[in-house]
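Engineer: One file: my_file-v5.cif (mmCIF, C-alpha atoms).
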data_model
#
loop_
_atom_site.label_atom_id
_atom_site.label_comp_id
_atom_site.auth_asym_id
_atom_site.auth_seq_id
_atom_site.Cartn_x
_atom_site.Cartn_y
_atom_site.Cartn_z
CA MET A 150 104.14 104.49 185.45
CA SER A 151 107.22 102.46 184.60
CA ALA A 152 110.51 103.35 186.29
CA ILE A 153 112.13 103.63 182.86
CA PHE A 154 113.56 106.98 181.73
CA GLN A 155 111.08 109.04 179.72
CA ASN A 156 113.56 110.03 176.98
CA TYR A 157 111.66 108.18 174.21
CA ALA A 158 108.36 109.27 172.68
CA ARG A 159 107.15 105.76 171.94
CA TYR A 160 104.30 104.73 169.67
CA PRO A 161 101.49 102.87 171.48
CA LEU A 162 102.48 99.46 170.11
CA THR A 163 103.97 96.43 171.82
CA PHE A 164 105.37 93.70 169.59
CA VAL A 165 105.72 90.14 170.84
CA LYS A 166 106.87 88.22 167.77
CA GLY A 167 108.62 88.79 164.48
CA GLU A 168 109.10 86.61 161.43
CA GLY A 169 110.66 87.80 158.19
CA ALA A 170 109.04 91.08 157.16
CA ARG A 171 106.23 90.82 159.73
CA LEU A 172 105.70 91.80 163.35
CA THR A 173 102.88 90.63 165.62
CA ASP A 174 101.63 92.84 168.46
CA GLU A 175 100.29 91.80 171.87
CA ASN A 176 96.74 91.71 170.49
CA GLY A 177 97.66 89.32 167.69
CA ARG A 178 97.56 91.94 164.92
CA VAL A 179 100.18 91.42 162.21
CA PHE A 180 102.09 94.37 160.71
CA LEU A 181 104.33 94.58 157.67
CA ASP A 182 107.63 95.92 158.98
CA PHE A 183 109.26 98.40 156.60
CA GLY A 184 111.37 99.95 159.36
CA CYS A 185 113.56 97.00 160.36
CA GLY A 186 114.32 98.51 163.76
CA ILE A 187 115.90 101.52 161.99
CA SER A 188 117.85 99.48 159.44
CA VAL A 189 119.04 96.95 162.00
CA VAL A 190 117.14 93.74 161.23
CA ASN A 191 118.23 93.83 157.60
CA LEU A 192 117.70 90.08 157.12
CA GLY A 193 114.23 90.22 158.63
CA HIS A 194 113.02 89.01 162.01
CA SER A 195 114.01 85.58 163.31
CA HIS A 196 116.11 84.75 160.26
CA PRO A 197 116.66 80.98 160.60
CA HIS A 198 120.42 81.01 159.93
CA VAL A 199 121.06 83.89 162.34
CA THR A 200 118.73 82.43 164.97
CA LYS A 201 120.50 79.06 164.81
CA ALA A 202 123.91 80.71 165.19
CA ILE A 203 122.75 82.72 168.23
CA GLN A 204 121.15 79.69 169.88
CA GLU A 205 124.21 77.49 169.40
CA GLN A 206 126.60 80.15 170.62
CA ALA A 207 124.45 81.06 173.64
CA ALA A 208 124.53 77.41 174.70
CA THR A 209 128.33 77.38 174.51
CA LEU A 210 129.90 80.71 175.50
CA ILE A 211 128.55 84.27 175.44
CA HIS A 212 131.27 86.44 176.94
CA THR A 213 134.81 86.34 178.30
CA SER A 214 135.89 90.01 177.77
CA ASN A 215 138.72 91.34 175.66
CA LEU A 216 141.33 90.31 178.21
CA TYR A 217 141.63 87.06 176.29
CA ARG A 218 141.89 85.91 172.69
CA ASN A 219 138.62 85.35 170.89
CA PRO A 220 139.10 83.31 167.69
CA LEU A 221 135.52 84.03 166.57
CA GLN A 222 136.26 87.77 166.79
CA GLU A 223 139.53 87.39 164.90
CA GLN A 224 137.82 85.43 162.12
CA LEU A 225 135.04 88.02 161.88
CA ALA A 226 137.56 90.86 161.65
CA ASP A 227 139.29 89.02 158.80
CA ARG A 228 136.00 88.50 156.96
CA LEU A 229 134.98 92.14 157.33
CA SER A 230 138.43 93.26 156.22
CA ARG A 231 138.15 91.16 153.07
CA CYS A 232 134.66 92.54 152.38
CA GLY A 233 135.99 96.07 152.84
CA PHE A 234 139.31 97.73 152.05
CA GLY A 235 141.65 95.40 153.92
CA GLY A 236 141.73 97.42 157.14
CA ASP A 237 142.05 96.38 160.75
CA VAL A 238 138.87 96.13 162.83
CA PHE A 239 137.86 97.21 166.34
CA PHE A 240 134.57 95.94 167.81
CA CYS A 241 132.20 97.81 170.11
CA ASN A 242 128.44 97.80 170.78
CA SER A 243 126.74 100.58 168.79
CA GLY A 244 127.06 103.17 166.07
CA ALA A 245 127.72 106.00 168.50
CA GLU A 246 130.53 103.98 170.09
CA ALA A 247 131.97 103.22 166.65
CA ASN A 248 131.99 106.90 165.73
CA GLU A 249 133.44 107.81 169.13
CA ALA A 250 136.27 105.32 168.59
CA ALA A 251 136.86 106.58 165.04
CA LEU A 252 137.10 110.18 166.23
CA LYS A 253 139.45 109.20 169.05
CA LEU A 254 141.59 107.35 166.52
CA ALA A 255 141.66 110.41 164.27
CA ARG A 256 142.66 112.60 167.22
CA ILE A 257 145.55 110.42 168.39
CA TYR A 258 146.76 109.97 164.80
CA THR A 259 146.86 113.70 164.07
CA ASN A 260 148.20 114.59 167.53
CA LYS A 261 151.14 112.24 167.18
CA LYS A 262 151.91 113.03 163.54
CA TYR A 263 151.30 116.77 163.64
CA ASP A 264 151.99 117.73 167.27
CA GLY A 265 148.35 118.60 167.98
CA LYS A 266 148.20 121.20 165.20
CA ARG A 267 145.48 119.38 163.20
CA SER A 268 142.79 118.96 165.82
CA ARG A 269 139.79 120.20 163.83
CA VAL A 270 137.29 117.77 162.25
CA LEU A 271 134.90 118.67 159.44
CA THR A 272 131.37 117.26 159.49
CA LEU A 273 128.32 118.05 157.40
CA GLN A 274 125.32 120.18 158.15
CA ASN A 275 122.28 117.98 158.85
CA SER A 276 124.49 115.00 159.69
CA PHE A 277 123.90 112.55 162.53
CA HIS A 278 126.73 110.66 164.20
CA GLY A 279 125.35 109.66 167.60
CA ARG A 280 124.33 110.85 171.05
CA THR A 281 127.49 110.50 173.11
CA TYR A 282 129.07 113.84 174.00
CA MET A 283 131.65 113.73 171.20
CA THR A 284 129.30 112.36 168.55
CA LEU A 285 126.48 114.80 169.31
CA SER A 286 129.09 117.55 168.99
CA ALA A 287 130.00 116.12 165.58
CA THR A 288 126.33 115.96 164.55
CA GLY A 289 125.15 118.78 162.30
CA GLN A 290 121.67 119.12 163.82
CA GLU A 291 121.03 121.66 166.55
CA LYS A 292 118.08 119.73 168.01
CA VAL A 293 120.43 116.92 169.05
CA LYS A 294 122.69 119.35 170.95
CA LYS A 295 119.98 121.37 172.67
CA GLY A 296 120.46 121.37 176.42
CA PHE A 297 123.93 119.82 176.30
CA GLU A 298 125.92 122.95 175.54
CA PRO A 299 128.73 123.81 175.59
CA ILE A 300 129.62 121.20 173.00
CA MET A 301 133.11 120.26 171.89
CA GLU A 302 134.61 123.01 169.75
CA CYS A 303 136.80 120.92 167.45
CA PHE A 304 134.01 120.29 164.91
CA THR A 305 133.14 122.56 161.98
CA HIS A 306 129.98 121.87 159.99
CA ILE A 307 130.11 122.47 156.24
CA ARG A 308 127.59 122.15 153.41
CA GLY A 309 127.42 118.68 151.92
CA GLY A 310 128.11 118.52 148.20
CA ASP A 311 129.90 121.90 148.23
CA PHE A 312 133.58 121.23 147.52
CA GLY A 313 134.36 124.94 147.82
CA SER A 314 133.08 124.91 151.40
CA PHE A 315 135.36 121.95 152.12
CA LEU A 316 138.38 123.69 150.54
CA ASN A 317 137.81 126.90 152.48
CA GLU A 318 138.24 124.99 155.73
CA VAL A 319 141.02 122.52 154.93
CA LYS A 320 143.25 125.27 153.51
CA LYS A 321 143.43 126.79 157.00
CA GLY A 322 145.83 123.96 157.82
CA ASP A 323 144.34 122.76 161.11
CA VAL A 324 141.95 120.08 159.81
CA GLY A 325 142.93 116.50 160.58
CA ALA A 326 139.83 114.58 159.52
CA VAL A 327 136.46 114.78 157.81
CA ILE A 328 133.52 112.49 158.65
CA LEU A 329 130.78 111.95 156.06
CA GLU A 330 127.60 109.95 155.64
CA ILE A 331 127.21 109.00 151.97
CA VAL A 332 123.45 108.98 152.61
CA GLN A 333 122.21 111.01 155.57
CA GLY A 334 119.79 108.54 157.12
CA GLU A 335 118.58 110.53 160.13
CA GLY A 336 119.01 113.74 158.15
CA GLY A 337 116.36 112.84 155.57
CA LEU A 338 118.01 110.48 153.03
CA GLU A 339 120.06 113.21 151.36
CA MET A 340 122.73 111.65 149.13
CA LEU A 341 126.17 113.12 148.50
CA PRO A 342 127.02 113.62 144.80
CA ARG A 343 129.57 111.23 143.30
CA ASP A 344 131.84 114.04 142.07
CA TYR A 345 131.95 115.60 145.52
CA LEU A 346 132.89 112.32 147.20
CA VAL A 347 135.65 111.69 144.68
CA GLU A 348 137.04 115.24 145.03
CA VAL A 349 137.04 115.08 148.82
CA SER A 350 138.60 111.61 148.81
CA GLU A 351 141.39 112.64 146.44
CA TYR A 352 142.16 115.80 148.39
CA CYS A 353 142.26 113.93 151.71
CA ALA A 354 144.60 111.29 150.28
CA LYS A 355 146.95 113.97 148.88
CA TYR A 356 147.21 115.99 152.10
CA ASP A 357 146.91 113.24 154.74
CA ILE A 358 143.51 114.32 156.03
CA LEU A 359 141.70 111.29 157.38
CA LEU A 360 138.51 110.43 155.50
CA ILE A 361 136.02 108.81 157.88
CA LEU A 362 132.88 107.32 156.34
CA ASP A 363 129.96 106.78 158.71
CA GLU A 364 128.27 103.68 157.28
CA ILE A 365 126.15 102.99 160.35
CA GLN A 366 122.91 103.00 158.30
CA THR A 367 124.26 102.42 154.79
CA GLY A 368 126.39 99.41 155.66
CA PHE A 369 125.39 95.77 155.29
CA GLY A 370 123.44 95.89 152.09
CA ARG A 371 121.02 98.75 152.56
CA THR A 372 122.25 100.52 149.39
CA GLY A 373 122.70 97.33 147.37
CA ASP A 374 126.33 96.58 148.25
CA ILE A 375 127.91 95.40 151.46
CA PHE A 376 129.21 98.96 152.01
CA ALA A 377 127.96 102.08 150.24
CA TYR A 378 131.41 103.50 149.45
CA LYS A 379 131.93 100.67 146.94
CA HIS A 380 129.46 102.35 144.57
CA TYR A 381 131.74 105.39 144.23
CA GLY A 382 135.23 104.07 143.57
CA ILE A 383 136.65 105.65 146.74
CA THR A 384 138.37 104.19 149.80
CA PRO A 385 138.08 105.68 153.29
CA ASP A 386 140.86 105.73 155.86
CA ILE A 387 138.34 104.84 158.57
CA MET A 388 134.82 103.40 158.31
CA THR A 389 132.25 102.99 161.07
CA LEU A 390 129.65 100.20 161.15
CA ALA A 391 126.77 99.04 163.35
CA LYS A 392 122.99 98.53 162.94
CA GLY A 393 122.71 95.69 160.40
CA ILE A 394 126.02 94.06 161.36
CA ALA A 395 124.45 91.40 163.62
CA ASN A 396 120.75 91.60 162.70
CA GLY A 397 119.64 92.95 166.07
CA VAL A 398 122.31 91.74 168.46
CA PRO A 399 124.01 94.96 169.67
CA MET A 400 127.30 95.44 167.85
CA GLY A 401 129.41 98.14 166.23
CA ALA A 402 132.76 98.18 164.48
CA VAL A 403 135.47 100.46 163.18
CA MET A 404 137.59 99.50 160.19
CA ALA A 405 140.76 101.51 159.57
CA LYS A 406 143.78 101.23 157.33
CA HIS A 407 146.55 99.45 159.20
CA GLU A 408 148.84 102.48 159.20
CA VAL A 409 146.08 104.45 160.95
CA ALA A 410 144.71 101.68 163.21
CA GLU A 411 148.13 101.06 164.77
CA TYR A 412 147.87 104.41 166.60
CA LEU A 413 145.30 102.87 168.95
CA SER A 414 147.90 100.79 170.77
CA ALA A 415 147.28 98.67 173.88
CA GLY A 416 145.54 100.66 176.59
CA THR A 417 144.39 103.59 174.44
CA HIS A 418 140.81 102.39 173.90
CA GLY A 419 138.59 99.45 174.76
CA SER A 420 135.14 97.95 175.20
CA THR A 421 133.99 95.42 177.79
CA PHE A 422 131.31 93.79 175.63
CA GLY A 423 132.65 94.69 172.19
CA GLY A 424 133.01 91.71 169.88
CA ASN A 425 131.90 89.10 172.41
CA TYR A 426 131.15 85.56 171.28
CA LEU A 427 127.40 86.00 170.91
CA ALA A 428 127.59 89.15 168.80
CA CYS A 429 130.34 87.68 166.63
CA ALA A 430 128.35 84.51 166.00
CA ALA A 431 125.38 86.58 164.86
CA ALA A 432 127.55 88.77 162.63
CA HIS A 433 129.19 85.72 161.02
CA ALA A 434 125.72 84.41 160.18
CA VAL A 435 124.74 87.76 158.68
CA LEU A 436 127.82 87.73 156.46
CA ASP A 437 127.08 84.13 155.42
CA VAL A 438 123.79 85.31 153.94
CA MET A 439 124.89 88.68 152.58
CA THR A 440 127.91 87.30 150.74
CA GLU A 441 125.93 84.60 148.94
CA LYS A 442 126.25 84.94 145.19
CA GLY A 443 123.55 87.18 143.75
CA PHE A 444 122.25 88.47 147.09
CA MET A 445 123.27 92.10 146.60
CA LEU A 446 122.15 92.07 142.98
CA GLN A 447 118.67 91.09 144.15
CA VAL A 448 118.71 93.93 146.68
CA ARG A 449 119.56 96.44 143.93
CA GLU A 450 116.93 95.06 141.58
CA LYS A 451 114.19 95.03 144.21
CA GLY A 452 115.22 98.49 145.37
CA ASP A 453 115.15 100.00 141.88
CA TRP A 454 111.74 98.46 141.22
CA PHE A 455 110.35 99.64 144.55
CA LEU A 456 111.63 103.22 144.14
CA GLY A 457 110.04 103.36 140.69
CA LYS A 458 106.69 102.25 142.07
CA LEU A 459 106.90 104.77 144.92
CA ALA A 460 107.53 107.52 142.39
CA GLU A 461 104.42 106.45 140.47
CA ILE A 462 102.25 106.77 143.57
CA PHE A 463 103.38 110.32 144.29
CA HIS A 464 104.21 111.61 140.81
CA GLN A 465 101.57 114.36 140.79
CA THR A 466 101.95 115.49 144.40
CA GLU A 467 104.30 117.58 146.50
CA VAL A 468 105.61 114.36 148.05
CA THR A 469 109.10 113.49 146.77
CA VAL A 470 110.85 110.11 146.74
CA HIS A 471 114.33 109.86 148.24
CA GLY A 472 117.03 107.22 148.62
CA THR A 473 118.71 104.38 146.82
CA ALA A 474 118.06 100.62 146.61
CA LEU A 475 116.18 99.56 149.77
CA MET A 476 117.24 102.68 151.69
CA SER A 477 114.18 104.56 150.55
CA GLY A 478 111.76 107.15 151.79
CA VAL A 479 109.29 109.90 150.95
CA LYS A 480 109.24 113.54 151.99
CA VAL A 481 105.75 114.50 153.15
CA PRO A 482 105.91 118.28 153.79
CA GLY A 483 104.27 119.19 157.09
CA ARG A 484 102.49 115.84 157.44
CA GLN A 485 105.19 113.34 158.35
CA LYS A 486 103.66 112.34 161.69
CA GLU A 487 100.20 111.95 160.17
CA PHE A 488 101.53 109.79 157.36
CA ILE A 489 103.46 107.48 159.72
CA GLU A 490 100.45 107.07 162.00
CA ASN A 491 98.15 106.44 159.05
CA CYS A 492 100.48 103.73 157.75
CA MET A 493 100.57 102.21 161.23
CA LYS A 494 96.76 102.25 161.40
CA ASN A 495 96.70 100.35 158.10
CA GLY A 496 99.23 97.77 159.24
CA LEU A 497 102.52 99.12 157.88
CA ILE A 498 105.53 100.16 159.99
CA VAL A 499 107.61 103.05 158.59
CA ILE A 500 109.89 105.41 160.53
CA PRO A 501 110.62 109.14 160.77
CA ALA A 502 113.74 111.01 159.68
CA GLY A 503 114.67 114.67 159.53
CA ASN A 504 113.34 117.19 157.03
CA ASP A 505 109.80 115.69 156.97
CA VAL A 506 111.07 112.46 155.41
CA VAL A 507 109.51 109.09 156.20
CA ARG A 508 112.01 106.27 155.92
CA ILE A 509 110.85 103.07 154.25
CA TYR A 510 113.37 100.30 154.99
CA PRO A 511 112.06 96.85 154.05
CA PRO A 512 114.23 93.88 155.01
CA LEU A 513 116.74 93.00 152.30
CA THR A 514 115.12 89.57 152.14
CA VAL A 515 111.72 91.06 151.30
CA THR A 516 109.78 89.40 148.47
CA TYR A 517 108.20 91.22 145.54
CA GLU A 518 104.82 90.16 146.90
CA GLU A 519 105.59 91.83 150.22
CA LEU A 520 106.83 94.94 148.43
CA GLU A 521 103.57 95.09 146.46
CA GLU A 522 101.62 94.67 149.70
CA GLY A 523 103.59 97.52 151.23
CA LEU A 524 103.00 99.73 148.21
CA ALA A 525 99.27 99.07 148.46
CA LEU A 526 99.30 100.12 152.12
CA ILE A 527 101.33 103.24 151.29
CA ARG A 528 98.89 104.12 148.51
CA LYS A 529 95.92 103.56 150.82
CA SER A 530 97.44 105.63 153.64
CA ALA A 531 98.32 108.48 151.28
CA SER A 532 94.93 108.40 149.61
CA GLU A 533 93.17 108.73 152.98
CA MET A 534 95.18 111.91 153.48
CA GLY A 535 94.27 113.24 150.03
CA ILE A 536 97.71 112.67 148.51
CA GLY A 537 99.04 110.11 146.07
CA ASP A 538 97.41 108.63 142.94
#
Can you present the structure in this file as structure tokens?
Structural biologist:
Amino acid sequence: MSAIFQNYARYPLTFVKGEGARLTDENGRVFLDFGCGISVVNLGHSHPHVTKAIQEQAATLIHTSNLYRNPLQEQLADRLSRCGFGGDVFFCNSGAEANEAALKLARIYTNKKYDGKRSRVLTLQNSFHGRTYMTLSATGQEKVKKGFEPIMECFTHIRGGDFGSFLNEVKKGDVGAVILEIVQGEGGLEMLPRDYLVEVSEYCAKYDILLILDEIQTGFGRTGDIFAYKHYGITPDIMTLAKGIANGVPMGAVMAKHEVAEYLSAGTHGSTFGGNYLACAAAHAVLDVMTEKGFMLQVREKGDWFLGKLAEIFHQTEVTVHGTALMSGVKVPGRQKEFIENCMKNGLIVIPAGNDVVRIYPPLTVTYEELEEGLALIRKSASEMGIGD
């Protein structure tokens, strides 16, 4: 037995090499990877531009800490700010850390402006924001909290898409922030309605309630734009990022409007590794590719085509297709585990989510030929289970 903690239920696979949309295991078998490390390796494995940037940076300087200026970090913050809503950026190492920092920022902002009288934060039922103590408390799934009670009491979980539920809480006067996932990745690819997002955004702006958008999974092209909020004509006060930001090098980030970000003054928060040279070099390379003209359009076109083909496979079954662009999945009632394992047996990697949904996250660089290959494996796996066309 390994000395490693046993907190993961791992599949019996060991991968030794990755290239593009493919992974090779220790026995030399090649798999089509439509999981991307849970929407992390969005540009595919061993992307040449990202690999070159990592190699060159590793040979020069990896880490100095945030005690000193880091021009590469400053340049990356400027690039992200221009891609987003012009906010200031804080770098950390993961999505949970990004959400933790965002919630701390919201707390200090509301404490200082409203003398601690707006300490409550609204989150959604079925949401997922991380596994640190604060972020698991914010998460709207009881299974994540089990065994760690008592949780923090400042979070109230409301129904997503129900503006009345939102109003009932904010009118009590003690709500300082709301944190939303536009698409609930871990929660089963449930999407928030456009009207709801606009209504919540407008209300928050009017009454100085901080709107935090968790774009840990949706960010960096997964929905067909660099950030998902851009599809809806809204602007958050705070946005959290991670996963696809550096194509596998651990990194997270928080972007916040300047008038909010300034509340995290020197000494209020920090990260030893956050935004080090290696991670920033990888993230710069990711942005180089994702901001190329036409890149996001191709993601949307491939995603729309792929979702249509998925729907054709399952159109006469109880399986339903979920998602948007290349953030796609299928709900397989009662048979999620069987479907994932069947796909794996046939050479396709897909990943679980809540509510019996199987996430299907091809790399954004996937070709139509690879998508067709994946569809054939999905059809074969479903057919062996007696579902699909």
Engineer: Using the chain letters and numbers from the file, which residues does the PyMOL selection byres ((chain A and resi 462) around 9) grab, as number ranges by chain?
Structural biologist: A: 457-461, 463-466, 524, 527-528, 531, 536-538
Engineer: Let's have the selection written as a PDB file, in the coordinates of the input, with C-alpha atoms.
Structural biologist:
ATOM      1  CA  GLY A 457     110.040 103.360 140.690  1.00  0.00           C
ATOM      2  CA  LYS A 458     106.690 102.250 142.070  1.00  0.00           C
ATOM      3  CA  LEU A 459     106.900 104.770 144.920  1.00  0.00           C
ATOM      4  CA  ALA A 460     107.530 107.520 142.390  1.00  0.00           C
ATOM      5  CA  GLU A 461     104.420 106.450 140.470  1.00  0.00           C
ATOM      6  CA  PHE A 463     103.380 110.320 144.290  1.00  0.00           C
ATOM      7  CA  HIS A 464     104.210 111.610 140.810  1.00  0.00           C
ATOM      8  CA  GLN A 465     101.570 114.360 140.790  1.00  0.00           C
ATOM      9  CA  THR A 466     101.950 115.490 144.400  1.00  0.00           C
ATOM     10  CA  LEU A 524     103.000  99.730 148.210  1.00  0.00           C
ATOM     11  CA  ILE A 527     101.330 103.240 151.290  1.00  0.00           C
ATOM     12  CA  ARG A 528      98.890 104.120 148.510  1.00  0.00           C
ATOM     13  CA  ALA A 531      98.320 108.480 151.280  1.00  0.00           C
ATOM     14  CA  ILE A 536      97.710 112.670 148.510  1.00  0.00           C
ATOM     15  CA  GLY A 537      99.040 110.110 146.070  1.00  0.00           C
ATOM     16  CA  ASP A 538      97.410 108.630 142.940  1.00  0.00           C
TER      17      ASP A 538
END
Engineer: When distances are computed from all atoms listed in the file, which of A:Glu411, A:Glu521, A:Asp227, A:Asp374 shows the smallest separation from A:Leu475?
Structural biologist: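 Among the listed residues, the smallest separation from A:Leu475 belongs to A:Asp374.
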Engineer: Hey, which of A:Leu362, A:Met283, A:Ile153, A:Val506 ends up closest to A:Gly336? Count only C-alpha atoms.
Structural biologist: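 Of A:Leu362, A:Met283, A:Ile153, A:Val506, the one nearest A:Gly336 is A:Val506, counting only C-alpha atoms.
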Engineer: Please, what distance in Å, to one decimal, runs between atom CA of A:Asp174 and atom CA of A:Ala431?
Structural biologist: 24.8 Å
Engineer: From the options A:Gly310, A:Gly236, A:Gly265, A:Gly193, which residue's atoms come nearest to A:Leu329, counting only C-alpha atoms?
Structural biologist: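 Of the candidates, the smallest distance to A:Leu329 is held by A:Gly310.
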Engineer: What is the atom CA of A:Lys166-atom CA of A:Asp437 distance in Å, reported with one decimal?
Structural biologist: 24.0 Å
Engineer: Work out how far atom CA of A:Leu273 is from atom CA of A:Gly289, in Å to one decimal.
Structural biologist: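 Separation of atom CA of A:Gly289 and atom CA of A:Leu273: 5.9 Å.
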Engineer: Suppose a student applies the PyMOL selection byres ((chain A and resi 405) around 9) to this structure; what residues should they get, written as a PDB file with C-alpha atoms, in the coordinates of the input?
Structural biologist:
ATOM      1  CA  PHE A 234     139.310  97.730 152.050  1.00  0.00           C
ATOM      2  CA  GLY A 235     141.650  95.400 153.920  1.00  0.00           C
ATOM      3  CA  GLY A 236     141.730  97.420 157.140  1.00  0.00           C
ATOM      4  CA  ASP A 237     142.050  96.380 160.750  1.00  0.00           C
ATOM      5  CA  VAL A 238     138.870  96.130 162.830  1.00  0.00           C
ATOM      6  CA  PHE A 239     137.860  97.210 166.340  1.00  0.00           C
ATOM      7  CA  ALA A 251     136.860 106.580 165.040  1.00  0.00           C
ATOM      8  CA  ILE A 361     136.020 108.810 157.880  1.00  0.00           C
ATOM      9  CA  PRO A 385     138.080 105.680 153.290  1.00  0.00           C
ATOM     10  CA  ASP A 386     140.860 105.730 155.860  1.00  0.00           C
ATOM     11  CA  ILE A 387     138.340 104.840 158.570  1.00  0.00           C
ATOM     12  CA  MET A 388     134.820 103.400 158.310  1.00  0.00           C
ATOM     13  CA  THR A 389     132.250 102.990 161.070  1.00  0.00           C
ATOM     14  CA  VAL A 403     135.470 100.460 163.180  1.00  0.00           C
ATOM     15  CA  MET A 404     137.590  99.500 160.190  1.00  0.00           C
ATOM     16  CA  LYS A 406     143.780 101.230 157.330  1.00  0.00           C
ATOM     17  CA  HIS A 407     146.550  99.450 159.200  1.00  0.00           C
ATOM     18  CA  GLU A 408     148.840 102.480 159.200  1.00  0.00           C
ATOM     19  CA  VAL A 409     146.080 104.450 160.950  1.00  0.00           C
ATOM     20  CA  ALA A 410     144.710 101.680 163.210  1.00  0.00           C
TER      21      ALA A 410
END
Engineer: Could you check which of A:Thr367, A:Asp505, A:Lys529, A:Ile358 is closest to A:Lys262, using all atoms listed in the file?
Structural biologist: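 Smallest distance to A:Lys262 is found for A:Ile358.
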Engineer: Could you spell out the hits of the PyMOL selection byres ((chain A and resi 332) around 10) on the shown file, as a count of residues only?
Structural biologist: 23
Engineer: Please identify all polymer residues within 12 Å of A:Val179, counting all atoms listed in the file, omitting same-chain residues fewer than 5 positions from it, and present them as a list in words.
Structural biologist: Leu162, Thr163, Phe164, Val165, Lys166, Gly167, Glu168, Gly169, Ala170, Arg171, Leu172, Thr173, Asp174, Met493, Lys494, Asn495, Gly496, Leu497 and Ile498 of chain A
Engineer: Go ahead and fit an axis-aligned box to every listed atom of stretch 470-481 of chain A plus 5 Å each side, and pass me the centre and edge lengths in Å, one decimal, as AutoDock Vina command-line options.
Structural biologist:
--center_x 112.2 --center_y 107.0 --center_z 149.9 --size_x 23.0 --size_y 24.9 --size_z 16.5
Engineer: Nearest to A:Phe240 among A:Tyr426, A:Tyr356, A:Tyr378, A:Phe277, with distances taken over only C-alpha atoms: which residue is it?
Structural biologist: A:Tyr426
Engineer: Name the residues in contact with A:Gly419 at a cut-off of 12 Å, using only C-alpha atoms, excluding same-chain residues fewer than 6 positions from it; report them as a PyMOL selection string.
Structural biologist: chain A and resi 214-216+239-242+246-247+249-250+253-254+402+413
Engineer: Of the candidates A:Arg228, A:Lys320, A:Lys442, A:Arg218, which one gets nearest to A:Arg267 if we count only C-alpha atoms?
Structural biologist: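 Result for the nearest residue to A:Arg267: A:Lys320.
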Engineer: Identify the residues around (127.7, 102.6, 164.8) within a radius of 6 Å, measuring from all atoms listed in the file in the coordinates stated by the file, and give them as an mmCIF file with C-alpha atoms, in the coordinates of the input.
Structural biologist:
data_model
loop_
_atom_site.group_PDB
_atom_site.id
_atom_site.type_symbol
_atom_site.label_atom_id
_atom_site.label_comp_id
_atom_site.auth_asym_id
_atom_site.auth_seq_id
_atom_site.Cartn_x
_atom_site.Cartn_y
_atom_site.Cartn_z
ATOM 1 C CA SER A 243 126.740 100.580 168.790
ATOM 2 C CA GLY A 244 127.060 103.170 166.070
ATOM 3 C CA ALA A 245 127.720 106.000 168.500
ATOM 4 C CA ALA A 247 131.970 103.220 166.650
ATOM 5 C CA ILE A 365 126.150 102.990 160.350
ATOM 6 C CA THR A 389 132.250 102.990 161.070
ATOM 7 C CA LEU A 390 129.650 100.200 161.150
ATOM 8 C CA ALA A 391 126.770 99.040 163.350
ATOM 9 C CA GLY A 401 129.410 98.140 166.230
#
Engineer: Report as a ChimeraX atom specification all protein, DNA and RNA residues lying within 7 Å of A:Ser286, evaluated on all atoms listed in the file, omitting residues in the same chain fewer than 4 positions from it.
Structural biologist: /A:282,294,300-301,304
Engineer: Contacts of A:Thr305 at 12 Å or less, counting all atoms listed in the file, minus same-chain residues fewer than 4 places along, as a list in words?
Structural biologist: Ser268, Arg269, Val270, Leu271, Thr272, Leu273, Gln274, Ser276, Ser286, Ala287, Thr288, Gly289, Ile300, Met301, Ser314, Phe315, Asn317, Glu318, Val319, Asp323, Val324, Gly325, Ala326, Val327 and Ile328 of chain A
